[in-house]
Amino acid sequence: GRGHGRGGKGDGAAGGARETRPASFGEAVFWDDTRNDAHLMKVIKEGGPAVGKSPLMAPWGAVLDDKKVNELIAYIKTFKPS
């Protein structure tokens with residue numbers, strides 16, 4: 001991805017030009033107690049402001065149905081440190 005990067009590190013091409021960098025899914029700090037499936041679903045579908053985060057995280061709910069969002073959540077979780 002252009003923002004979070006192919007490795008989910010927040011180092012995508014579009015991310016580097018932003019004052020607030022996209023989240024790095026591979027950092028333990030990202031996976032605090034709030035980062036459950038419901039939270040990820042909300043931010044993906046409604047965008048960053050829906051959860052008090054950057055407005056640069058665009059909403060994808062008009063583009064991705066719930067099945068696709070759940071597939072994306074499963075993929076994001078593959079970066080979670082053990």
# chains A, B, ... in the order shown; residues from 1 in each chain; ligands from 1
$ residues_around --residues "Ala62 of chain A" --least-positions-apart "3" --cutoff "12 Å" --atoms "only C-alpha atoms" --output "list in words"
Ile44, Lys45, Glu46, Gly47, Ala58, Pro59, Asp65, Asp66, Lys68 and Val69 of chain A
$ write_last_selection --atoms "N, CA and C atoms" --output "short mmCIF file (atom, residue, chain, number, x, y, z; two decimals), in the first residue's frame"
data_model
loop_
_atom_site.label_atom_id
_atom_site.label_comp_id
_atom_site.auth_asym_id
_atom_site.auth_seq_id
_atom_site.Cartn_x
_atom_site.Cartn_y
_atom_site.Cartn_z
N ILE A 44 -11.29 1.33 9.33
CA ILE A 44 -11.19 1.03 7.90
C ILE A 44 -12.44 1.54 7.17
N LYS A 45 -13.61 1.28 7.74
CA LYS A 45 -14.85 1.68 7.08
C LYS A 45 -15.14 3.18 7.17
N GLU A 46 -14.83 3.79 8.33
CA GLU A 46 -15.25 5.17 8.58
C GLU A 46 -14.10 6.18 8.55
N GLY A 47 -12.87 5.71 8.54
CA GLY A 47 -11.72 6.60 8.49
C GLY A 47 -11.17 6.95 9.87
N ALA A 58 -8.22 7.61 5.24
CA ALA A 58 -9.49 7.75 4.53
C ALA A 58 -10.46 6.62 4.87
N PRO A 59 -11.76 6.88 4.78
CA PRO A 59 -12.75 5.82 4.96
C PRO A 59 -12.84 4.96 3.70
N ASP A 65 -16.70 -4.05 0.98
CA ASP A 65 -17.80 -4.61 1.76
C ASP A 65 -17.22 -5.27 3.02
N ASP A 66 -18.09 -5.72 3.93
CA ASP A 66 -17.63 -6.28 5.20
C ASP A 66 -16.73 -7.49 5.00
N LYS A 68 -14.58 -8.02 2.56
CA LYS A 68 -13.25 -7.51 2.19
C LYS A 68 -12.56 -6.85 3.38
N VAL A 69 -13.32 -6.11 4.18
CA VAL A 69 -12.74 -5.47 5.36
C VAL A 69 -12.23 -6.54 6.33
#
$ closest_residue --among "A:Thr34, A:Ser82, A:Asn70, A:Ser24" --to "Val51 of chain A" --atoms "only C-alpha atoms"
A:Thr34
$ residues_around --residues "Glu71 of chain A" --least-positions-apart "6" --cutoff "12 Å" --atoms "only C-alpha atoms" --output "list in words"
Asp37, Leu40, Met41, Ile44, Leu64, Asp65, Lys77 and Thr78 of chain A
$ residues_around --residues "Gly26 of chain A" --least-positions-apart "6" --cutoff "6 Å" --atoms "only C-alpha atoms" --output "NGL selection string"
:A and (79-81)
$ closest_residue --among "A:Met57, A:Gly52, A:Val29, A:Ala23" --to "Ile76 of chain A" --atoms "only C-alpha atoms"
A:Ala23
